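Peer 1: File structure_34.tsv below, TSV, C-alpha atoms:
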chain	number	residue	atom	x	y	z
S	99	MET	CA	0.00	0.00	0.00
S	100	ALA	CA	2.92	2.34	0.67
S	101	GLN	CA	4.18	1.45	-2.78
S	102	ARG	CA	0.80	2.34	-4.30
S	103	LEU	CA	0.73	5.67	-2.48
S	104	HIS	CA	4.29	6.49	-3.56
S	105	ALA	CA	3.39	5.70	-7.18
S	106	ALA	CA	0.17	7.74	-7.04
S	107	LEU	CA	1.97	10.79	-5.63
S	108	LEU	CA	4.84	10.41	-8.08
S	109	ALA	CA	2.42	10.33	-11.02
S	110	ARG	CA	1.06	13.72	-9.91
S	111	GLY	CA	4.41	15.19	-8.93
S	112	GLU	CA	3.12	15.66	-5.38
S	113	THR	CA	4.54	15.16	-1.89
S	114	VAL	CA	3.26	14.33	1.58
S	115	ALA	CA	4.09	15.14	5.20
S	116	ALA	CA	2.54	13.77	8.38
S	117	ALA	CA	2.04	14.86	11.99
S	118	GLU	CA	1.66	11.72	14.04
S	119	SER	CA	0.58	11.23	17.61
S	120	LEU	CA	-0.55	7.66	18.37
S	121	THR	CA	1.34	6.24	15.37
S	122	ALA	CA	4.48	8.14	16.40
S	123	GLY	CA	6.24	7.93	13.03
S	124	LEU	CA	4.80	4.74	11.56
S	125	PHE	CA	3.07	6.52	8.67
S	126	CYS	CA	6.25	8.26	7.50
S	127	ALA	CA	8.29	5.11	8.11
S	128	ALA	CA	5.88	3.08	5.97
S	129	LEU	CA	6.32	5.47	3.04
S	130	ALA	CA	10.08	5.53	3.55
S	131	SER	CA	10.16	1.75	3.17
S	132	VAL	CA	9.80	2.30	-0.58
S	133	PRO	CA	13.09	2.89	-2.45
S	134	GLY	CA	13.08	6.39	-3.94
S	135	ALA	CA	10.67	7.65	-1.25
S	136	SER	CA	12.52	10.95	-1.07
S	137	ARG	CA	10.71	12.00	-4.24
S	138	THR	CA	7.30	11.90	-2.52
S	139	LEU	CA	7.91	11.96	1.27
S	140	ARG	CA	8.96	15.30	2.73
S	141	GLY	CA	8.94	14.25	6.39
S	142	GLY	CA	6.89	15.25	9.39
S	143	ALA	CA	6.58	15.55	13.12
S	144	VAL	CA	6.08	13.04	15.89
S	145	VAL	CA	3.87	14.97	18.28
S	146	TYR	CA	3.49	12.49	21.08
S	147	ALA	CA	3.46	15.06	23.87
S	148	THR	CA	0.45	17.38	23.63
S	149	ASP	CA	2.50	20.59	23.78
S	150	LEU	CA	4.53	19.51	20.73
S	151	LYS	CA	1.33	19.61	18.68
S	152	THR	CA	1.51	23.35	19.22
S	153	THR	CA	5.25	24.01	19.12
S	154	LEU	CA	6.19	21.69	16.25
S	155	VAL	CA	3.08	21.88	14.06
S	156	GLY	CA	1.28	25.04	15.14
S	157	VAL	CA	-1.96	23.57	16.48
S	158	PRO	CA	-3.50	26.46	18.45
S	159	ALA	CA	-3.32	25.85	22.21
S	160	ASP	CA	-6.89	27.04	22.67
S	161	LEU	CA	-8.11	24.54	20.07
S	162	LEU	CA	-6.39	21.76	22.02
S	163	ALA	CA	-7.90	23.03	25.27
S	164	GLU	CA	-11.40	23.22	23.80
S	165	HIS	CA	-11.53	19.99	21.78
S	166	GLY	CA	-8.75	17.89	23.31
S	167	PRO	CA	-5.81	16.25	21.54
S	168	VAL	CA	-7.98	13.32	20.43
S	169	SER	CA	-10.54	15.10	18.25
S	170	GLY	CA	-11.46	15.97	14.69
S	171	PRO	CA	-10.42	19.62	14.99
S	172	THR	CA	-6.98	18.56	16.27
S	173	ALA	CA	-6.55	16.09	13.39
S	174	THR	CA	-7.49	18.88	10.98
S	175	ALA	CA	-5.02	21.33	12.51
S	176	LEU	CA	-2.26	18.71	12.55
S	177	ALA	CA	-2.80	17.95	8.85
S	178	GLU	CA	-2.88	21.59	7.82
S	179	GLY	CA	0.01	22.60	10.05
S	180	VAL	CA	2.41	19.86	9.02
S	181	ARG	CA	1.63	20.39	5.34
S	182	ILE	CA	2.65	24.03	5.63
S	183	ARG	CA	5.68	23.54	7.88
S	184	CYS	CA	7.07	20.77	5.67
S	185	GLY	CA	6.21	22.41	2.35
S	186	ALA	CA	4.27	19.37	1.15
S	187	SER	CA	1.37	19.03	-1.29
S	188	TRP	CA	-0.55	16.94	1.23
S	189	GLY	CA	-0.66	16.91	5.03
S	190	ILE	CA	-1.78	14.00	7.19
S	191	GLY	CA	-2.77	14.37	10.85
S	192	LEU	CA	-3.06	11.27	13.01
S	193	THR	CA	-4.34	11.38	16.58
S	194	GLY	CA	-6.10	8.80	18.73
S	195	VAL	CA	-5.94	6.30	21.53
S	196	ALA	CA	-3.73	3.25	20.98
S	197	GLY	CA	-4.55	1.76	24.35
S	198	PRO	CA	-4.59	-0.20	26.53
S	199	ASP	CA	-6.09	2.58	28.69
S	200	PRO	CA	-8.70	5.19	27.71
S	201	VAL	CA	-7.52	8.80	27.27
S	202	ASP	CA	-9.69	11.82	28.07
S	203	GLY	CA	-12.79	9.63	28.01
S	204	HIS	CA	-12.01	8.11	24.61
S	205	ARG	CA	-11.82	4.35	24.45
S	206	PRO	CA	-8.81	2.59	22.86
S	207	GLY	CA	-9.16	2.37	19.10
S	208	ARG	CA	-10.72	5.81	18.64
S	209	VAL	CA	-8.67	7.49	15.91
S	210	TYR	CA	-9.04	10.70	13.90
S	211	ILE	CA	-7.21	11.12	10.59
S	212	GLY	CA	-7.03	14.46	8.81
S	213	VAL	CA	-6.05	14.75	5.14
S	214	SER	CA	-5.35	18.23	3.81
S	215	ASP	CA	-4.39	19.55	0.39
S	216	GLY	CA	-4.29	23.14	1.59
S	217	THR	CA	-7.80	23.86	0.33
S	218	THR	CA	-9.89	21.12	1.87
S	219	THR	CA	-9.21	19.03	4.96
S	220	GLU	CA	-11.29	15.91	5.41
S	221	VAL	CA	-11.37	14.01	8.68
S	222	VAL	CA	-12.08	10.32	9.13
S	223	ARG	CA	-13.15	9.04	12.55
S	224	LEU	CA	-12.47	5.39	13.27
S	225	ASP	CA	-13.07	2.94	16.08
S	226	LEU	CA	-10.42	0.32	15.47
S	227	PRO	CA	-10.41	-3.12	17.08
S	228	GLY	CA	-7.48	-4.96	18.57
S	229	ASP	CA	-4.56	-4.28	20.86
S	230	ARG	CA	-2.13	-1.35	20.88
S	231	ALA	CA	-0.06	-2.65	17.96
S	232	ALA	CA	-3.13	-3.51	15.89
S	233	VAL	CA	-4.69	-0.08	16.42
S	234	ARG	CA	-1.51	1.76	15.44
S	235	SER	CA	-0.96	-0.41	12.37
S	236	ALA	CA	-4.58	-0.11	11.23
S	237	ALA	CA	-4.45	3.67	11.75
S	238	VAL	CA	-1.50	3.91	9.35
S	239	GLU	CA	-3.28	1.74	6.78
S	240	ALA	CA	-6.40	3.89	7.09
S	241	ALA	CA	-4.36	7.07	6.58
S	242	VAL	CA	-2.73	5.65	3.46
S	243	ALA	CA	-6.15	4.59	2.17
S	244	ALA	CA	-7.64	8.01	2.93
S	245	LEU	CA	-4.92	9.78	0.97
S	246	LEU	CA	-5.17	7.30	-1.90
S	247	ALA	CA	-8.91	8.01	-2.05
S	248	ARG	CA	-8.29	11.76	-2.23
S	249	LEU	CA	-5.69	11.24	-4.96
S	250	ALA	CA	-8.15	9.08	-6.90
S	251	ASP	CA	-10.55	12.03	-6.93
S	252	GLY	CA	-8.30	13.57	-9.51
S	253	ASN	CA	-8.78	17.12	-8.34
S	254	GLY	CA	-7.85	16.73	-4.73
S	255	ASP	CA	-10.89	18.42	-3.24
S	256	GLY	CA	-12.58	15.19	-2.22
S	257	ARG	CA	-15.92	16.23	-3.67
S	258	ASP	CA	-15.94	14.84	-7.19
S	259	GLY	CA	-15.09	11.62	-8.93
S	260	VAL	CA	-14.32	8.42	-7.11
S	261	THR	CA	-14.98	8.56	-3.39
S	262	PRO	CA	-13.84	6.05	-0.78
Z	170	MET	CA	14.70	-3.26	23.83
Z	171	ALA	CA	12.22	-0.38	23.62
Z	172	GLN	CA	10.77	-1.62	26.88
Z	173	ARG	CA	14.24	-1.57	28.49
Z	174	LEU	CA	14.85	1.97	27.27
Z	175	HIS	CA	11.47	3.15	28.52
Z	176	ALA	CA	12.18	1.62	31.94
Z	177	ALA	CA	15.68	3.11	32.12
Z	178	LEU	CA	14.41	6.60	31.25
Z	179	LEU	CA	11.49	6.28	33.65
Z	180	ALA	CA	13.83	5.32	36.49
Z	181	ARG	CA	15.72	8.58	35.95
Z	182	GLY	CA	12.66	10.72	35.28
Z	183	GLU	CA	14.06	11.57	31.86
Z	184	THR	CA	12.64	11.90	28.37
Z	185	VAL	CA	13.82	11.48	24.77
Z	186	ALA	CA	13.17	13.02	21.36
Z	187	ALA	CA	14.54	11.99	17.97
Z	188	ALA	CA	15.25	13.58	14.60
Z	189	GLU	CA	15.15	10.81	12.03
Z	190	SER	CA	16.18	10.75	8.42
Z	191	LEU	CA	16.74	7.24	7.05
Z	192	THR	CA	14.61	5.64	9.79
Z	193	ALA	CA	11.82	8.18	9.14
Z	194	GLY	CA	10.03	7.69	12.45
Z	195	LEU	CA	10.90	4.09	13.33
Z	196	PHE	CA	12.85	5.06	16.46
Z	197	CYS	CA	9.97	7.05	17.95
Z	198	ALA	CA	7.47	4.43	16.84
Z	199	ALA	CA	9.48	1.71	18.58
Z	200	LEU	CA	9.39	3.61	21.86
Z	201	ALA	CA	5.69	4.35	21.42
Z	202	SER	CA	5.00	0.62	21.16
Z	203	VAL	CA	5.40	0.46	24.95
Z	204	PRO	CA	2.22	1.24	26.92
Z	205	GLY	CA	2.78	4.39	28.99
Z	206	ALA	CA	5.39	5.68	26.52
Z	207	SER	CA	4.09	9.23	26.93
Z	208	ARG	CA	6.01	9.41	30.21
Z	209	THR	CA	9.38	9.07	28.44
Z	210	LEU	CA	8.84	9.86	24.73
Z	211	ARG	CA	8.36	13.53	23.89
Z	212	GLY	CA	8.28	13.14	20.11
Z	213	GLY	CA	10.49	14.27	17.29
Z	214	ALA	CA	10.90	15.15	13.66
Z	215	VAL	CA	11.02	13.09	10.50
Z	216	VAL	CA	13.55	15.04	8.46
Z	217	TYR	CA	13.55	13.03	5.26
Z	218	ALA	CA	14.05	16.02	2.95
Z	219	THR	CA	17.37	17.73	3.54
Z	220	ASP	CA	15.88	21.22	3.97
Z	221	LEU	CA	13.66	19.97	6.82
Z	222	LYS	CA	16.81	19.21	8.82
Z	223	THR	CA	17.24	22.97	8.92
Z	224	THR	CA	13.65	24.20	9.18
Z	225	LEU	CA	12.31	21.60	11.63
Z	226	VAL	CA	15.36	20.92	13.78
Z	227	GLY	CA	17.67	23.87	13.23
Z	228	VAL	CA	20.66	22.15	11.61
Z	229	PRO	CA	22.67	25.05	10.14
Z	230	ALA	CA	22.44	25.14	6.34
Z	231	ASP	CA	26.18	25.81	6.05
Z	232	LEU	CA	26.93	22.73	8.15
Z	233	LEU	CA	24.80	20.64	5.78
Z	234	ALA	CA	26.54	22.18	2.78
Z	235	GLU	CA	30.01	21.54	4.21
Z	236	HIS	CA	29.59	18.05	5.64
Z	237	GLY	CA	26.53	16.72	3.82
Z	238	PRO	CA	23.35	15.29	5.33
Z	239	VAL	CA	25.02	11.90	5.90
Z	240	SER	CA	27.78	12.87	8.32
Z	241	GLY	CA	28.79	12.95	11.95
Z	242	PRO	CA	28.34	16.71	12.29
Z	243	THR	CA	24.81	16.45	10.90
Z	244	ALA	CA	23.95	13.62	13.32
Z	245	THR	CA	25.28	15.78	16.15
Z	246	ALA	CA	23.27	18.81	15.10
Z	247	LEU	CA	20.12	16.73	14.66
Z	248	ALA	CA	20.47	15.27	18.16
Z	249	GLU	CA	21.12	18.62	19.79
Z	250	GLY	CA	18.48	20.44	17.80
Z	251	VAL	CA	15.65	18.00	18.38
Z	252	ARG	CA	16.46	17.76	22.09
Z	253	ILE	CA	16.02	21.50	22.44
Z	254	ARG	CA	12.98	21.90	20.18
Z	255	CYS	CA	11.14	19.05	21.90
Z	256	GLY	CA	12.20	19.94	25.44
Z	257	ALA	CA	13.62	16.47	26.08
Z	258	SER	CA	16.39	15.27	28.38
Z	259	TRP	CA	17.99	13.35	25.52
Z	260	GLY	CA	18.15	13.96	21.78
Z	261	ILE	CA	18.81	11.31	19.13
Z	262	GLY	CA	19.90	12.14	15.58
Z	263	LEU	CA	19.72	9.45	12.90
Z	264	THR	CA	21.07	9.94	9.39
Z	265	GLY	CA	22.42	7.52	6.82
Z	266	VAL	CA	21.88	5.60	3.63
Z	267	ALA	CA	19.21	2.89	3.69
Z	268	GLY	CA	19.83	1.87	0.10
Z	269	PRO	CA	19.57	0.34	-2.37
Z	270	ASP	CA	21.53	3.15	-4.05
Z	271	PRO	CA	24.51	5.10	-2.67
Z	272	VAL	CA	23.93	8.74	-1.61
Z	273	ASP	CA	26.56	11.47	-1.90
Z	274	GLY	CA	29.27	8.84	-2.28
Z	275	HIS	CA	28.20	6.90	0.82
Z	276	ARG	CA	27.42	3.25	0.33
Z	277	PRO	CA	24.14	1.76	1.66
Z	278	GLY	CA	24.41	0.85	5.32
Z	279	ARG	CA	26.50	3.87	6.33
Z	280	VAL	CA	24.69	5.37	9.34
Z	281	TYR	CA	25.55	8.09	11.86
Z	282	ILE	CA	23.77	8.22	15.22
Z	283	GLY	CA	24.08	11.20	17.55
Z	284	VAL	CA	23.12	11.02	21.22
Z	285	SER	CA	22.96	14.28	23.13
Z	286	ASP	CA	22.18	15.14	26.74
Z	287	GLY	CA	22.68	18.83	26.16
Z	288	THR	CA	26.23	18.75	27.49
Z	289	THR	CA	27.89	16.01	25.47
Z	290	THR	CA	26.92	14.62	22.09
Z	291	GLU	CA	28.47	11.33	21.09
Z	292	VAL	CA	28.30	10.03	17.53
Z	293	VAL	CA	28.41	6.41	16.46
Z	294	ARG	CA	29.31	5.59	12.86
Z	295	LEU	CA	28.08	2.26	11.54
Z	296	ASP	CA	28.31	0.25	8.35
Z	297	LEU	CA	25.26	-1.97	8.53
Z	298	PRO	CA	24.73	-5.04	6.35
Z	299	GLY	CA	21.56	-6.10	4.58
Z	300	ASP	CA	18.81	-4.58	2.51
Z	301	ARG	CA	16.90	-1.35	3.02
Z	302	ALA	CA	14.60	-2.79	5.69
Z	303	ALA	CA	17.47	-4.46	7.55
Z	304	VAL	CA	19.56	-1.29	7.58
Z	305	ARG	CA	16.71	0.85	8.92
Z	306	SER	CA	15.77	-1.70	11.57
Z	307	ALA	CA	19.38	-2.16	12.70
Z	308	ALA	CA	19.86	1.61	12.84
Z	309	VAL	CA	16.95	1.90	15.28
Z	310	GLU	CA	18.32	-0.92	17.41
Z	311	ALA	CA	21.75	0.72	17.45
Z	312	ALA	CA	20.24	4.05	18.51
Z	313	VAL	CA	18.35	2.41	21.36
Z	314	ALA	CA	21.55	0.60	22.40
Z	315	ALA	CA	23.57	3.81	22.24
Z	316	LEU	CA	21.15	5.64	24.49
Z	317	LEU	CA	20.94	2.69	26.90
Z	318	ALA	CA	24.74	2.75	27.11
Z	319	ARG	CA	24.73	6.46	27.93
Z	320	LEU	CA	22.04	5.93	30.57
Z	321	ALA	CA	24.08	3.08	32.08
Z	322	ASP	CA	26.93	5.53	32.59
Z	323	GLY	CA	24.89	6.96	35.42
Z	324	ASN	CA	26.03	10.54	34.89
Z	325	GLY	CA	25.12	10.92	31.25
Z	326	ASP	CA	28.45	12.25	30.06
Z	327	GLY	CA	29.57	9.00	28.51
Z	328	ARG	CA	32.99	9.13	30.12
Z	329	ASP	CA	32.66	7.21	33.36
Z	330	GLY	CA	31.19	3.98	34.59
Z	331	VAL	CA	29.91	1.24	32.33
Z	332	THR	CA	30.71	1.79	28.69
Z	333	PRO	CA	29.23	-0.09	25.74
How does this structure look as structure tokens?
Peer 2:
Amino acid sequence: MAQRLHAALLARGETVAAAESLTAGLFCAALASVPGASRTLRGGAVVYATDLKTTLVGVPADLLAEHGPVSGPTATALAEGVRIRCGASWGIGLTGVAGPDPVDGHRPGRVYIGVSDGTTTEVVRLDLPGDRAAVRSAAVEAAVAALLARLADGNGDGRDGVTP
Amino acid sequence: MAQRLHAALLARGETVAAAESLTAGLFCAALASVPGASRTLRGGAVVYATDLKTTLVGVPADLLAEHGPVSGPTATALAEGVRIRCGASWGIGLTGVAGPDPVDGHRPGRVYIGVSDGTTTEVVRLDLPGDRAAVRSAAVEAAVAALLARLADGNGDGRDGVTP
């Protein structure tokens, strides 16, 4: 799937960056597993600590205070912020609860994924089954799938053409 | 090994951040595989594109131009920069060539790992065998081992006590 995403981005001459909380680098690492990944992967931020979501990616502190780190608005701000800070065509924001314990009232498996092209940011909310490793792995796969779906739209705004 | 590192940091009340190039997030992701990792892992930066080493972590552009992205001085600057920007006790810098092709005259498997506590930064240079996946995986293991060795020193300066 990383290979498919690399090829799809390459065909459009586009790049991606990711701000990752629960996955902590797994999305970027998956893309970097493909030889030649430097043509499509810019990089990103591992924003495990809540304050790094603000300092590294620019998520407003009051947004975090109002909605919490595990939320759609935070996933949106992560995607938009990392896209800008890394100079990428696309930004991915990944936040959620890997488990085993709940966080801020969210049960393990609750994940928000933001996908931004600078014009439109779409957020997917998931409740993933399985243990900590399974949740993190499935979150990466879902993020790759979400970006592939946007790329398949052809125009990047997520409103026309093929939808997921 | 991630579990051992988490426990060793927890025992000292210390934290870690990493700036990763060839591993692209695998070091942070390994630490985050341990439940409760938020007590020792701050986060980090995936600095796959060379310019992100400067913009995200503060590696001086003239240092990159003089020594190249795959070098001891770059690993040092990545470790020191990410430690400061993430507010961590320890900073790890990982740069190298995963392969299959050489980069800037360096053969695949050449990896530099910087470990900084804010006072002393030590750099390990490795020539790792195997394919792209093996090199990246071994680089993460070597970085974990290098930090564990520094922690085993007891005083963090890498000069006294148990050495690797």
Peer 1: So which residues touch S:Thr219 within 8 Å, counting only C-alpha atoms, skipping near sequence neighbours fewer than 4 positions away, as an mmCIF file with C-alpha atoms, keeping the file's coordinate frame?
Peer 2:
data_model
loop_
_atom_site.group_PDB
_atom_site.id
_atom_site.type_symbol
_atom_site.label_atom_id
_atom_site.label_comp_id
_atom_site.auth_asym_id
_atom_site.auth_seq_id
_atom_site.Cartn_x
_atom_site.Cartn_y
_atom_site.Cartn_z
ATOM 1 C CA THR S 174 -7.490 18.880 10.980
ATOM 2 C CA ALA S 177 -2.800 17.950 8.850
ATOM 3 C CA GLU S 178 -2.880 21.590 7.820
ATOM 4 C CA GLY S 212 -7.030 14.460 8.810
ATOM 5 C CA VAL S 213 -6.050 14.750 5.140
ATOM 6 C CA SER S 214 -5.350 18.230 3.810
ATOM 7 C CA ASP S 215 -4.390 19.550 0.390
#
Peer 1: Which of these residues is nearest to Z:Arg254, using all atoms listed in the file: S:Val221, S:Ala236, S:Leu246, S:Val155?
Peer 2: S:Val155
Peer 1: Using only C-alpha atoms, find each residue of chain Z with at least one atom at most 6 Å away from an atom of chain S; report its shortest atom-to-atom pair and that distance in Å (one decimal), sort the rows by chain and rising residue number, and return the result as JSON lines.
Peer 2:
{"residue": "Z:Ala193", "atom": "CA", "partner": "S:Ala127", "partner_atom": "CA", "distance": 4.8}
{"residue": "Z:Gly194", "atom": "CA", "partner": "S:Gly123", "partner_atom": "CA", "distance": 3.8}
{"residue": "Z:Leu195", "atom": "CA", "partner": "S:Ala127", "partner_atom": "CA", "distance": 5.9}
{"residue": "Z:Cys197", "atom": "CA", "partner": "S:Ala122", "partner_atom": "CA", "distance": 5.8}
{"residue": "Z:Ala198", "atom": "CA", "partner": "S:Ala122", "partner_atom": "CA", "distance": 4.8}
{"residue": "Z:Arg211", "atom": "CA", "partner": "S:Ala147", "partner_atom": "CA", "distance": 5.1}
{"residue": "Z:Gly212", "atom": "CA", "partner": "S:Val144", "partner_atom": "CA", "distance": 4.8}
{"residue": "Z:Gly213", "atom": "CA", "partner": "S:Val144", "partner_atom": "CA", "distance": 4.8}
{"residue": "Z:Ala214", "atom": "CA", "partner": "S:Ala143", "partner_atom": "CA", "distance": 4.4}
{"residue": "Z:Val215", "atom": "CA", "partner": "S:Gly141", "partner_atom": "CA", "distance": 4.8}
{"residue": "Z:Val216", "atom": "CA", "partner": "S:Gly141", "partner_atom": "CA", "distance": 5.1}
{"residue": "Z:Tyr217", "atom": "CA", "partner": "S:Gly141", "partner_atom": "CA", "distance": 4.9}
{"residue": "Z:Ala218", "atom": "CA", "partner": "S:Arg140", "partner_atom": "CA", "distance": 5.1}
Peer 1: Which residue is closest to Z:Trp259? Choose from Z:Ala171, Z:Leu295, Z:Ala308, Z:Val313 and count all atoms listed in the file.
Peer 2: Z:Val313
Peer 1: Please measure the separation of atom CA of Z:Ala303 and atom CA of Z:Val280, giving the value in Å to one decimal.
Peer 2: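 Interatomic distance, atom CA of Z:Ala303 to atom CA of Z:Val280: 12.3 Å.
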Peer 1: Using only C-alpha atoms, can you tell me which of S:Gly179, S:Gly189, S:Pro158, S:Pro167 comes closest to S:Arg248?
Peer 2: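 Looking only at the distances to S:Arg248, the closest residue turns out to be S:Gly189.
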Peer 1: Give the answer as one residue: which of S:Gly111, S:Gly191, S:Gly166, S:Pro206 has the shortest atom-to-atom distance to S:Val233, using all atoms listed in the file?
Peer 2: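 Once distances to S:Val233 are computed over all atoms listed in the file, the minimum belongs to S:Pro206.
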Peer 1: Rounded to one decimal, what separation in Å do you get between atom CA of Z:Arg294 and atom CA of Z:Val272?
Peer 2: 15.8 Å
Peer 1: What's the separation between atom CA of Z:Gln172 and atom CA of Z:Thr289, in Å to one decimal place?
Peer 2: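 If I compute the distance from atom CA of Z:Gln172 to atom CA of Z:Thr289, I get 24.6 Å.
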